[in-house]
Amino acid sequence: MKKVIFALGNPGRAHATQKHNAGQIVLSRIVRDLGLEMKAGKRGEFVKVKKEKWEEVLERKEFQYWKKLEPEFSDTYLVLSNSYMNLSGAPAKSWVEKRLEGNWENMFVVHDELDLPLGTVKMRGLKKTDMKLLSHNGVRNVCAAARGALHCRLRIGVGRGRPLAQLDSFAMNLIQCEHERCLLACLLFASSIPLDRIMTVTNTGKEKADAA
């Protein structure tokens, strides 16, 4: 089964370095790190990462301990949404219907999070009861499109302050320097490793594969 990693943001150069685009900034960095290039599509820029590519990433020194789990990878689409943040549900739903046969469990949303310190990376599962508690309009719109069926999201901390302030170079680098853990989260999401294990590793840092 294919998977989709979907980064929220706002389109256009004016928004490219704003806090709300932290998810797209990080995912773009991961695409470059993988040596791939995005291409334009009707529902946003995207690139297909074949399972062989994920297996190649697993050979990196920092990810060697995961080889013991013998994960089975899926072909995965990395997508930069081309809609405005508050309207993210429609393109997300289109990707799920066209590429995932309507299976929202294989959709993974990446977005900015004001309530986390700058540079912090956390993964969280979602339950239908979480809908009323969501403060992020983009995620709320995706959840509405999914009718509460969205299971997982990766939160990129940007800290509080001016909500739409341009990120200075220091802040931009701080967000991007966490891309190894973001890449690990994407790597694990593309594999057969259980969701609760993915969240544990992403939220706490590296975990030895033989610790469980």
# chains A, B, ... in the order shown; residues from 1 in each chain; ligands from 1
>>> select_by_dssp(residues="stretch 80-112 of chain A", states="strand (DSSP E or B)", output="list in words")
Leu80, Met107, Phe108, Val109, Val110, His111 and Asp112 of chain A
>>> residues_around(residues="A:Arg43", least_positions_apart="3", cutoff="12 Å", atoms="only C-alpha atoms", output="ChimeraX atom specification")
/A:6-8,11,39-40,46,78-84,87-96,98-99
>>> write_last_selection(atoms="N, CA and C atoms", output="short mmCIF file (atom, residue, chain, number, x, y, z; two decimals), in the first residue's frame")
data_model
loop_
_atom_site.label_atom_id
_atom_site.label_comp_id
_atom_site.auth_asym_id
_atom_site.auth_seq_id
_atom_site.Cartn_x
_atom_site.Cartn_y
_atom_site.Cartn_z
N PHE A 6 2.17 14.66 3.65
CA PHE A 6 1.55 15.87 3.11
C PHE A 6 1.88 17.07 4.00
N ALA A 7 2.66 18.04 3.47
CA ALA A 7 3.09 19.20 4.23
C ALA A 7 2.16 20.39 3.98
N LEU A 8 1.65 20.96 5.07
CA LEU A 8 0.77 22.11 4.97
C LEU A 8 1.57 23.41 4.85
N PRO A 11 0.76 29.06 -0.29
CA PRO A 11 1.50 29.17 -1.55
C PRO A 11 2.08 30.56 -1.79
N LYS A 39 8.15 17.87 -8.52
CA LYS A 39 7.56 18.30 -9.78
C LYS A 39 6.15 18.82 -9.52
N ALA A 40 5.70 19.71 -10.38
CA ALA A 40 4.41 20.35 -10.18
C ALA A 40 3.26 19.41 -10.51
N PHE A 46 5.16 17.53 -5.78
CA PHE A 46 5.31 16.21 -5.18
C PHE A 46 6.49 15.46 -5.78
N LEU A 78 5.84 12.37 -1.29
CA LEU A 78 6.09 13.55 -0.45
C LEU A 78 5.45 14.73 -1.18
N VAL A 79 4.55 15.43 -0.50
CA VAL A 79 3.71 16.43 -1.16
C VAL A 79 3.76 17.77 -0.43
N LEU A 80 3.91 18.85 -1.19
CA LEU A 80 3.76 20.22 -0.67
C LEU A 80 2.41 20.74 -1.14
N SER A 81 1.49 20.94 -0.22
CA SER A 81 0.16 21.41 -0.58
C SER A 81 0.24 22.75 -1.30
N ASN A 82 -0.58 22.93 -2.33
CA ASN A 82 -0.59 24.21 -3.05
C ASN A 82 -1.81 25.06 -2.71
N SER A 83 -2.54 24.67 -1.66
CA SER A 83 -3.70 25.46 -1.24
C SER A 83 -3.33 26.30 -0.03
N TYR A 84 -4.17 27.26 0.30
CA TYR A 84 -3.93 28.02 1.53
C TYR A 84 -4.20 27.12 2.73
N LEU A 87 -7.52 25.81 3.80
CA LEU A 87 -8.25 25.04 2.79
C LEU A 87 -7.50 23.76 2.43
N SER A 88 -6.72 23.25 3.35
CA SER A 88 -5.85 22.10 3.08
C SER A 88 -6.61 20.80 2.89
N GLY A 89 -7.83 20.73 3.38
CA GLY A 89 -8.59 19.49 3.35
C GLY A 89 -8.86 18.97 1.95
N ALA A 90 -9.21 19.86 1.03
CA ALA A 90 -9.58 19.43 -0.33
C ALA A 90 -8.43 18.75 -1.06
N PRO A 91 -7.22 19.37 -1.12
CA PRO A 91 -6.12 18.68 -1.81
C PRO A 91 -5.68 17.41 -1.08
N ALA A 92 -5.74 17.42 0.26
CA ALA A 92 -5.38 16.22 1.02
C ALA A 92 -6.33 15.07 0.67
N LYS A 93 -7.62 15.38 0.62
CA LYS A 93 -8.62 14.36 0.29
C LYS A 93 -8.41 13.83 -1.12
N SER A 94 -8.04 14.73 -2.04
CA SER A 94 -7.80 14.32 -3.42
C SER A 94 -6.65 13.32 -3.50
N TRP A 95 -5.57 13.56 -2.75
CA TRP A 95 -4.45 12.63 -2.73
C TRP A 95 -4.86 11.29 -2.13
N VAL A 96 -5.64 11.33 -1.07
CA VAL A 96 -6.07 10.08 -0.43
C VAL A 96 -6.95 9.26 -1.37
N LYS A 98 -7.10 9.45 -4.73
CA LYS A 98 -6.45 9.04 -5.97
C LYS A 98 -5.30 8.05 -5.74
N ARG A 99 -4.51 8.27 -4.68
CA ARG A 99 -3.31 7.46 -4.46
C ARG A 99 -3.46 6.40 -3.38
#
>>> select_by_dssp(residues="stretch 3-194 of chain A", states="helix (DSSP H, G or I)", output="VMD selection string")
chain A and resid 13 to 15 19 to 33 51 to 58 61 to 69 85 to 87 89 to 99 104 to 106 128 to 133 137 to 146 169 to 176 179 to 189
>>> atom_distance(atom1="atom CA of A:Ser192", atom2="atom CA of A:Met107")
14.0 Å
